[in-house]
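Printed here is my_file09.pdb (PDB, C-alpha atoms, pLDDT in the B column):
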```pdb
ATOM      1  CA  MET Z   1     107.511  64.402  52.892  1.00 51.00           C
ATOM      2  CA  GLY Z   2     110.624  62.887  54.411  1.00 55.00           C
ATOM      3  CA  SER Z   3     114.349  63.333  54.011  1.00 66.00           C
ATOM      4  CA  GLY Z   4     114.330  61.500  50.666  1.00 66.00           C
ATOM      5  CA  TYR Z   5     112.236  64.193  49.041  1.00 65.00           C
ATOM      6  CA  LEU Z   6     114.324  66.993  50.556  1.00 72.00           C
ATOM      7  CA  ILE Z   7     117.532  65.428  49.232  1.00 79.00           C
ATOM      8  CA  LEU Z   8     116.001  64.930  45.771  1.00 73.00           C
ATOM      9  CA  ALA Z   9     114.571  68.449  45.655  1.00 76.00           C
ATOM     10  CA  GLY Z  10     117.850  69.927  46.859  1.00 82.00           C
ATOM     11  CA  ALA Z  11     119.884  68.040  44.262  1.00 81.00           C
ATOM     12  CA  ILE Z  12     117.545  69.089  41.448  1.00 82.00           C
ATOM     13  CA  MET Z  13     117.579  72.728  42.564  1.00 85.00           C
ATOM     14  CA  LEU Z  14     121.376  72.749  42.821  1.00 88.00           C
ATOM     15  CA  PHE Z  15     121.849  71.182  39.392  1.00 83.00           C
ATOM     16  CA  SER Z  16     119.299  73.562  37.869  1.00 86.00           C
ATOM     17  CA  TRP Z  17     121.031  76.561  39.450  1.00 89.00           C
ATOM     18  CA  MET Z  18     124.422  75.426  38.126  1.00 90.00           C
ATOM     19  CA  VAL Z  19     123.135  75.046  34.567  1.00 88.00           C
ATOM     20  CA  SER Z  20     121.226  78.336  34.727  1.00 87.00           C
ATOM     21  CA  SER Z  21     124.299  80.168  36.016  1.00 89.00           C
ATOM     22  CA  LYS Z  22     126.424  78.630  33.293  1.00 89.00           C
ATOM     23  CA  LEU Z  23     123.884  79.689  30.674  1.00 88.00           C
ATOM     24  CA  LYS Z  24     123.910  83.293  31.898  1.00 89.00           C
ATOM     25  CA  SER Z  25     127.711  83.402  31.895  1.00 90.00           C
ATOM     26  CA  LYS Z  26     127.812  81.972  28.364  1.00 91.00           C
ATOM     27  CA  PHE Z  27     125.374  84.572  27.087  1.00 88.00           C
ATOM     28  CA  GLU Z  28     127.352  87.344  28.748  1.00 90.00           C
ATOM     29  CA  LEU Z  29     130.507  85.987  27.089  1.00 92.00           C
ATOM     30  CA  TYR Z  30     129.020  85.695  23.608  1.00 93.00           C
ATOM     31  CA  SER Z  31     127.263  89.035  23.951  1.00 90.00           C
ATOM     32  CA  ARG Z  32     130.731  90.544  23.740  1.00 93.00           C
ATOM     33  CA  ILE Z  33     131.370  88.984  20.312  1.00 93.00           C
ATOM     34  CA  GLN Z  34     130.029  91.609  17.930  1.00 94.00           C
ATOM     35  CA  LEU Z  35     128.731  90.379  14.571  1.00 95.00           C
ATOM     36  CA  ARG Z  36     130.881  91.254  11.617  1.00 95.00           C
ATOM     37  CA  ASN Z  37     127.769  91.589   9.426  1.00 95.00           C
ATOM     38  CA  GLY Z  38     126.397  94.249  11.791  1.00 94.00           C
ATOM     39  CA  MET Z  39     122.886  92.758  11.923  1.00 97.00           C
ATOM     40  CA  SER Z  40     120.714  93.010  15.027  1.00 97.00           C
ATOM     41  CA  GLY Z  41     118.789  90.092  16.493  1.00 97.00           C
ATOM     42  CA  ALA Z  42     115.593  91.490  14.973  1.00 97.00           C
ATOM     43  CA  GLU Z  43     117.186  91.683  11.530  1.00 98.00           C
ATOM     44  CA  ILE Z  44     118.546  88.137  11.855  1.00 98.00           C
ATOM     45  CA  ALA Z  45     115.070  86.899  12.765  1.00 98.00           C
ATOM     46  CA  GLU Z  46     113.362  88.720   9.902  1.00 98.00           C
ATOM     47  CA  LYS Z  47     115.852  87.349   7.388  1.00 98.00           C
ATOM     48  CA  MET Z  48     115.511  83.769   8.636  1.00 98.00           C
ATOM     49  CA  LEU Z  49     111.737  84.002   8.402  1.00 98.00           C
ATOM     50  CA  ALA Z  50     111.960  85.436   4.875  1.00 98.00           C
ATOM     51  CA  ASP Z  51     114.447  82.777   3.763  1.00 97.00           C
ATOM     52  CA  ASN Z  52     111.992  80.104   4.929  1.00 97.00           C
ATOM     53  CA  GLY Z  53     109.094  81.715   3.080  1.00 97.00           C
ATOM     54  CA  ILE Z  54     107.293  82.758   6.271  1.00 97.00           C
ATOM     55  CA  THR Z  55     105.488  86.060   5.746  1.00 96.00           C
ATOM     56  CA  ASP Z  56     102.757  85.951   8.421  1.00 96.00           C
ATOM     57  CA  VAL Z  57     104.979  86.058  11.527  1.00 98.00           C
ATOM     58  CA  ARG Z  58     105.943  89.347  13.201  1.00 97.00           C
ATOM     59  CA  VAL Z  59     109.177  89.960  15.096  1.00 98.00           C
ATOM     60  CA  ILE Z  60     108.544  92.094  18.184  1.00 97.00           C
ATOM     61  CA  SER Z  61     110.449  93.225  21.276  1.00 96.00           C
ATOM     62  CA  THR Z  62     109.433  91.996  24.735  1.00 95.00           C
ATOM     63  CA  PRO Z  63     110.634  93.242  28.157  1.00 94.00           C
ATOM     64  CA  GLY Z  64     112.950  91.249  30.410  1.00 89.00           C
ATOM     65  CA  GLN Z  65     116.056  89.099  30.123  1.00 83.00           C
ATOM     66  CA  LEU Z  66     115.990  85.637  28.496  1.00 82.00           C
ATOM     67  CA  THR Z  67     112.248  86.119  27.930  1.00 92.00           C
ATOM     68  CA  ASP Z  68     112.531  85.232  24.244  1.00 95.00           C
ATOM     69  CA  HIS Z  69     109.848  82.935  22.858  1.00 96.00           C
ATOM     70  CA  TYR Z  70     107.702  82.145  19.845  1.00 96.00           C
ATOM     71  CA  ASN Z  71     103.950  82.523  20.290  1.00 94.00           C
ATOM     72  CA  PRO Z  72     102.082  80.232  17.871  1.00 93.00           C
ATOM     73  CA  THR Z  73      98.730  81.774  18.834  1.00 92.00           C
ATOM     74  CA  ASP Z  74      99.389  85.230  17.417  1.00 94.00           C
ATOM     75  CA  LYS Z  75     102.383  84.166  15.298  1.00 96.00           C
ATOM     76  CA  THR Z  76     104.973  86.439  16.847  1.00 97.00           C
ATOM     77  CA  VAL Z  77     108.661  85.944  17.505  1.00 98.00           C
ATOM     78  CA  ASN Z  78     109.154  87.734  20.824  1.00 98.00           C
ATOM     79  CA  LEU Z  79     112.731  88.829  21.441  1.00 97.00           C
ATOM     80  CA  SER Z  80     113.987  90.339  24.687  1.00 95.00           C
ATOM     81  CA  GLU Z  81     115.282  93.869  24.358  1.00 93.00           C
ATOM     82  CA  ALA Z  82     118.920  92.767  24.506  1.00 90.00           C
ATOM     83  CA  VAL Z  83     118.400  90.249  21.704  1.00 95.00           C
ATOM     84  CA  TYR Z  84     116.124  92.449  19.577  1.00 97.00           C
ATOM     85  CA  ASN Z  85     118.464  95.440  19.477  1.00 95.00           C
ATOM     86  CA  HIS Z  86     121.936  93.986  19.926  1.00 95.00           C
ATOM     87  CA  ARG Z  87     124.333  92.791  17.256  1.00 96.00           C
ATOM     88  CA  ASN Z  88     126.306  89.935  18.778  1.00 96.00           C
ATOM     89  CA  ALA Z  89     126.637  86.150  18.600  1.00 96.00           C
ATOM     90  CA  ALA Z  90     124.314  85.519  21.539  1.00 95.00           C
ATOM     91  CA  ALA Z  91     121.558  87.693  20.043  1.00 96.00           C
ATOM     92  CA  ALA Z  92     121.921  85.975  16.673  1.00 97.00           C
ATOM     93  CA  ALA Z  93     121.687  82.529  18.292  1.00 97.00           C
ATOM     94  CA  VAL Z  94     118.554  83.337  20.279  1.00 97.00           C
ATOM     95  CA  ALA Z  95     116.823  85.132  17.415  1.00 97.00           C
ATOM     96  CA  ALA Z  96     117.471  82.268  15.014  1.00 98.00           C
ATOM     97  CA  HIS Z  97     116.392  79.708  17.605  1.00 98.00           C
ATOM     98  CA  GLU Z  98     113.016  81.376  18.133  1.00 98.00           C
ATOM     99  CA  CYS Z  99     112.553  81.549  14.378  1.00 98.00           C
ATOM    100  CA  GLY Z 100     113.288  77.823  14.377  1.00 98.00           C
ATOM    101  CA  HIS Z 101     110.032  77.430  16.304  1.00 98.00           C
ATOM    102  CA  ALA Z 102     108.229  79.532  13.708  1.00 98.00           C
ATOM    103  CA  VAL Z 103     109.549  77.205  11.003  1.00 98.00           C
ATOM    104  CA  GLN Z 104     108.359  74.209  13.028  1.00 98.00           C
ATOM    105  CA  HIS Z 105     104.908  75.760  13.242  1.00 97.00           C
ATOM    106  CA  ALA Z 106     104.816  76.525   9.535  1.00 97.00           C
ATOM    107  CA  ILE Z 107     105.662  72.950   8.506  1.00 97.00           C
ATOM    108  CA  GLY Z 108     103.507  71.304  11.184  1.00 96.00           C
ATOM    109  CA  TYR Z 109     106.384  69.769  13.147  1.00 97.00           C
ATOM    110  CA  GLU Z 110     104.716  66.950  15.080  1.00 97.00           C
ATOM    111  CA  TRP Z 111     106.464  67.472  18.418  1.00 97.00           C
ATOM    112  CA  LEU Z 112     105.534  71.171  18.478  1.00 96.00           C
ATOM    113  CA  THR Z 113     101.939  70.267  17.622  1.00 95.00           C
ATOM    114  CA  MET Z 114     101.861  67.784  20.482  1.00 96.00           C
ATOM    115  CA  ARG Z 115     103.326  70.297  22.936  1.00 95.00           C
ATOM    116  CA  SER Z 116     100.819  72.949  21.877  1.00 93.00           C
ATOM    117  CA  LYS Z 117      97.945  70.547  22.571  1.00 93.00           C
ATOM    118  CA  LEU Z 118      99.336  69.874  26.054  1.00 95.00           C
ATOM    119  CA  VAL Z 119      99.686  73.555  27.012  1.00 93.00           C
ATOM    120  CA  PRO Z 120      96.071  74.186  28.181  1.00 93.00           C
ATOM    121  CA  ILE Z 121      96.042  70.896  30.113  1.00 93.00           C
ATOM    122  CA  VAL Z 122      99.359  71.687  31.789  1.00 94.00           C
ATOM    123  CA  ASN Z 123      98.196  75.214  32.678  1.00 92.00           C
ATOM    124  CA  ILE Z 124      95.182  73.810  34.509  1.00 91.00           C
ATOM    125  CA  ALA Z 125      97.137  70.944  36.077  1.00 90.00           C
ATOM    126  CA  SER Z 126      99.842  73.268  37.400  1.00 88.00           C
ATOM    127  CA  SER Z 127      97.273  75.272  39.358  1.00 88.00           C
ATOM    128  CA  TYR Z 128      96.140  72.332  41.494  1.00 89.00           C
ATOM    129  CA  MET Z 129      98.871  69.703  41.233  1.00 91.00           C
ATOM    130  CA  GLN Z 130     100.998  70.593  44.277  1.00 89.00           C
ATOM    131  CA  TRP Z 131      97.987  70.884  46.563  1.00 93.00           C
ATOM    132  CA  ILE Z 132      96.603  67.538  45.446  1.00 94.00           C
ATOM    133  CA  LEU Z 133      99.985  65.856  45.882  1.00 92.00           C
ATOM    134  CA  LEU Z 134     100.449  67.352  49.349  1.00 91.00           C
ATOM    135  CA  ALA Z 135      96.948  66.343  50.428  1.00 93.00           C
ATOM    136  CA  GLY Z 136      97.467  62.910  48.900  1.00 91.00           C
ATOM    137  CA  ILE Z 137     100.629  62.326  50.942  1.00 89.00           C
ATOM    138  CA  LEU Z 138      99.009  63.578  54.173  1.00 89.00           C
ATOM    139  CA  MET Z 139      95.966  61.351  53.587  1.00 90.00           C
ATOM    140  CA  ILE Z 140      97.847  58.399  52.124  1.00 87.00           C
ATOM    141  CA  ARG Z 141      96.514  55.929  54.715  1.00 85.00           C
ATOM    142  CA  VAL Z 142      92.853  56.908  54.521  1.00 86.00           C
ATOM    143  CA  PHE Z 143      92.538  57.993  50.878  1.00 89.00           C
ATOM    144  CA  PRO Z 144      95.437  56.652  48.753  1.00 85.00           C
ATOM    145  CA  GLY Z 145      93.472  57.358  45.579  1.00 90.00           C
ATOM    146  CA  LEU Z 146      94.019  61.099  46.032  1.00 94.00           C
ATOM    147  CA  LEU Z 147      97.781  60.690  45.686  1.00 94.00           C
ATOM    148  CA  LEU Z 148      97.223  58.579  42.581  1.00 94.00           C
ATOM    149  CA  ILE Z 149      95.193  61.421  41.074  1.00 95.00           C
ATOM    150  CA  GLY Z 150      98.047  63.798  41.877  1.00 95.00           C
ATOM    151  CA  ILE Z 151     100.546  61.427  40.267  1.00 96.00           C
ATOM    152  CA  ILE Z 152      98.491  61.242  37.084  1.00 95.00           C
ATOM    153  CA  ILE Z 153      98.309  65.040  36.919  1.00 95.00           C
ATOM    154  CA  PHE Z 154     102.041  65.325  37.582  1.00 96.00           C
ATOM    155  CA  ALA Z 155     102.689  62.738  34.865  1.00 96.00           C
ATOM    156  CA  VAL Z 156     101.040  65.082  32.341  1.00 95.00           C
ATOM    157  CA  THR Z 157     103.413  67.902  33.263  1.00 96.00           C
ATOM    158  CA  THR Z 158     106.329  65.463  33.067  1.00 96.00           C
ATOM    159  CA  LEU Z 159     105.195  64.412  29.598  1.00 97.00           C
ATOM    160  CA  PHE Z 160     105.169  68.089  28.633  1.00 97.00           C
ATOM    161  CA  SER Z 161     108.783  68.455  29.817  1.00 96.00           C
ATOM    162  CA  ILE Z 162     109.807  65.410  27.800  1.00 97.00           C
ATOM    163  CA  VAL Z 163     108.008  66.539  24.643  1.00 97.00           C
ATOM    164  CA  THR Z 164     109.660  69.948  24.990  1.00 97.00           C
ATOM    165  CA  LEU Z 165     113.127  68.419  24.526  1.00 97.00           C
ATOM    166  CA  PRO Z 166     112.900  67.472  20.825  1.00 98.00           C
ATOM    167  CA  VAL Z 167     111.100  70.769  20.144  1.00 98.00           C
ATOM    168  CA  GLU Z 168     113.934  72.819  21.631  1.00 97.00           C
ATOM    169  CA  TYR Z 169     116.787  70.759  20.218  1.00 97.00           C
ATOM    170  CA  ASP Z 170     115.239  70.768  16.743  1.00 98.00           C
ATOM    171  CA  ALA Z 171     114.735  74.550  16.837  1.00 98.00           C
ATOM    172  CA  SER Z 172     118.406  74.997  17.746  1.00 97.00           C
ATOM    173  CA  ASN Z 173     119.513  72.637  14.977  1.00 97.00           C
ATOM    174  CA  ARG Z 174     117.420  74.539  12.433  1.00 98.00           C
ATOM    175  CA  ALA Z 175     118.844  77.843  13.672  1.00 98.00           C
ATOM    176  CA  LEU Z 176     122.464  76.719  13.522  1.00 98.00           C
ATOM    177  CA  ALA Z 177     122.021  75.089  10.107  1.00 98.00           C
ATOM    178  CA  TRP Z 178     120.495  78.262   8.673  1.00 98.00           C
ATOM    179  CA  LEU Z 179     123.164  80.493  10.187  1.00 97.00           C
ATOM    180  CA  GLU Z 180     125.879  78.289   8.704  1.00 97.00           C
ATOM    181  CA  ASN Z 181     124.314  77.623   5.306  1.00 97.00           C
ATOM    182  CA  LYS Z 182     123.575  81.302   4.734  1.00 96.00           C
ATOM    183  CA  HIS Z 183     127.073  82.284   5.926  1.00 96.00           C
ATOM    184  CA  MET Z 184     125.557  84.686   8.434  1.00 97.00           C
ATOM    185  CA  LEU Z 185     128.357  84.333  10.974  1.00 96.00           C
ATOM    186  CA  THR Z 186     132.108  83.988  11.072  1.00 96.00           C
ATOM    187  CA  GLN Z 187     133.581  80.762  12.458  1.00 95.00           C
ATOM    188  CA  GLU Z 188     134.110  82.368  15.879  1.00 95.00           C
ATOM    189  CA  GLU Z 189     130.578  83.760  15.923  1.00 96.00           C
ATOM    190  CA  GLN Z 190     129.103  80.417  14.801  1.00 96.00           C
ATOM    191  CA  ALA Z 191     130.991  78.577  17.551  1.00 96.00           C
ATOM    192  CA  GLY Z 192     129.667  81.039  20.124  1.00 95.00           C
ATOM    193  CA  ALA Z 193     126.099  80.686  18.881  1.00 95.00           C
ATOM    194  CA  LYS Z 194     126.367  76.895  18.995  1.00 96.00           C
ATOM    195  CA  ASP Z 195     127.738  76.871  22.535  1.00 95.00           C
ATOM    196  CA  ALA Z 196     125.097  79.319  23.772  1.00 94.00           C
ATOM    197  CA  LEU Z 197     122.244  77.238  22.368  1.00 96.00           C
ATOM    198  CA  LYS Z 198     123.794  74.072  23.787  1.00 95.00           C
ATOM    199  CA  TRP Z 199     123.570  75.458  27.308  1.00 94.00           C
ATOM    200  CA  ALA Z 200     120.086  76.835  26.710  1.00 93.00           C
ATOM    201  CA  ALA Z 201     118.938  73.338  25.703  1.00 93.00           C
ATOM    202  CA  ARG Z 202     120.460  71.880  28.860  1.00 93.00           C
ATOM    203  CA  THR Z 203     118.081  73.922  31.008  1.00 93.00           C
ATOM    204  CA  TYR Z 204     115.196  72.013  29.425  1.00 95.00           C
ATOM    205  CA  LEU Z 205     117.057  68.738  29.880  1.00 94.00           C
ATOM    206  CA  VAL Z 206     117.568  69.427  33.584  1.00 92.00           C
ATOM    207  CA  ALA Z 207     113.877  70.323  33.946  1.00 92.00           C
ATOM    208  CA  ALA Z 208     112.831  67.056  32.289  1.00 95.00           C
ATOM    209  CA  ILE Z 209     115.205  64.942  34.401  1.00 92.00           C
ATOM    210  CA  GLY Z 210     114.012  66.679  37.563  1.00 91.00           C
ATOM    211  CA  SER Z 211     110.373  66.132  36.636  1.00 93.00           C
ATOM    212  CA  ILE Z 212     110.946  62.434  35.899  1.00 93.00           C
ATOM    213  CA  ALA Z 213     112.857  61.933  39.163  1.00 90.00           C
ATOM    214  CA  THR Z 214     110.125  63.664  41.176  1.00 90.00           C
ATOM    215  CA  LEU Z 215     107.412  61.627  39.450  1.00 93.00           C
ATOM    216  CA  LEU Z 216     109.222  58.395  40.297  1.00 91.00           C
ATOM    217  CA  TYR Z 217     109.530  59.548  43.901  1.00 90.00           C
ATOM    218  CA  TYR Z 218     105.769  60.073  44.199  1.00 91.00           C
ATOM    219  CA  ILE Z 219     105.139  56.731  42.523  1.00 93.00           C
ATOM    220  CA  SER Z 220     107.426  55.039  45.062  1.00 89.00           C
ATOM    221  CA  ILE Z 221     105.430  56.574  47.934  1.00 89.00           C
ATOM    222  CA  TYR Z 222     102.172  55.375  46.423  1.00 90.00           C
ATOM    223  CA  SER Z 223     103.577  51.876  45.740  1.00 87.00           C
ATOM    224  CA  GLY Z 224     104.918  51.656  49.281  1.00 79.00           C
ATOM    225  CA  SER Z 225     101.531  52.548  50.740  1.00 75.00           C
ATOM    226  CA  ARG Z 226      99.867  49.849  48.653  1.00 69.00           C
ATOM    227  CA  ARG Z 227     102.320  47.198  49.910  1.00 66.00           C
ATOM    228  CA  ASN Z 228     101.699  48.245  53.502  1.00 59.00           C
TER     229      ASN Z 228
END
```
Take the structure in this file and express it as structure tokens.
Amino acid sequence: MGSGYLILAGAIMLFSWMVSSKLKSKFELYSRIQLRNGMSGAEIAEKMLADNGITDVRVISTPGQLTDHYNPTDKTVNLSEAVYNHRNAAAAAVAAHECGHAVQHAIGYEWLTMRSKLVPIVNIASSYMQWILLAGILMIRVFPGLLLIGIIIFAVTTLFSIVTLPVEYDASNRALAWLENKHMLTQEEQAGAKDALKWAARTYLVAAIGSIATLLYYISIYSGSRRN
């Protein structure tokens, strides 16, 4: 694939690792700030759902670290064990953020709806995309159309990364607004929750930038082959 791709891939991986490491350190830091109200992540989540009039979503515990997510299919807020059971600023931030997605689902937030429609397409595309792109590059001189097919498939996954950004940022904004308006946290706890969610959002931003950069790289290869 050439030195250009290796440099691009290396830069993206390094940047992603830096942001991910920073996120983990932030969560470790804010996990040490115990909530004055004494509520666990699960209790925070249940209260936020109730305050938004959502009664058909369950809050459950899921194994792993940073595995928290909202599942719109079975309407569950899945909190990692550390978030579900613990009573600190990081747990409150994550729990409220995932409930932000539940609120989005309940009100029909357009960006979440769009992302949900892309999920099955992206799941299928991800299974074959890398192989098609690799074959397309190897056969660029005899069958340039194969690389174009790979680019189109990759563009769908890039679109998914882009659409994910407003979904994640909006969920964080909803979470922070609720935490503040309901006076759930002290000023120190609120600042910690805000900083933690800021770094969590940056992981999605890095993923989107990396996907766009990689897409442009493949497009440049295809364009160059057409000129030659």
- Output of the PyMOL selection byres ((chain Z and resi 41-53) around 10), listed as a ChimeraX atom specification: /Z:38-40,54-61,77-100,102-103,106,175,178-179,182,184
- Task: Starting from the shown file, work through the PyMOL selection byres ((chain Z and resi 18-32) around 7) and note down what comes out as a ChimeraX atom specification.
- Result: /Z:14-17,33-34,88-90,192,196,199-200,203
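Between Lys117 in chain Z and the residues Z:Ala177, Z:Val156, Z:Ile140, Z:Leu148, the shortest atom-to-atom distance, using all atoms listed in the file, involves Z:Val156.
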- For the structure shown, which residues end up in the PyMOL selection byres ((chain Z and resi 213-221) around 9)? Put them as an MDAnalysis selection string, please? chainID Z and resid 4:5 8:9 12 133 137 140 147:148 150:151 154:155 158 208:212 222:226
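We find CA of Ser172 in chain Z and CA of Leu197 in chain Z to be spaced 6.4 Å apart.
Among the candidates Z:Thr62, Z:Thr113, Z:Tyr169, Z:Arg36, the one nearest to His183 in chain Z when counting only C-alpha atoms is Z:Arg36.
Among the candidates Z:Val206, Z:Leu35, Z:Asp68, Z:Val142, the residue lying nearest to Gln187 in chain Z is Z:Leu35 (atoms considered: only C-alpha atoms).
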- Message: Please report the interatomic distance between CA of Val119 in chain Z and CA of Leu138 in chain Z in Å with one decimal.
- Response: 28.9 Å
Enclosing box along x, y and z for every listed atom of range 21-25 of chain Z, padded 4 Å each side, centre and size in Å, one decimal, as AutoDock Vina command-line options:
```
--center_x 125.8 --center_y 81.0 --center_z 33.3 --size_x 11.8 --size_y 12.8 --size_z 13.3
```
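You will find CA of Ile152 in chain Z at 20.6 Å from CA of Leu165 in chain Z.
Nearest residue to Met114 in chain Z, choosing from Z:Met13, Z:Glu188, Z:Leu159, Z:Ala201 and counting all atoms listed in the file: Z:Leu159.
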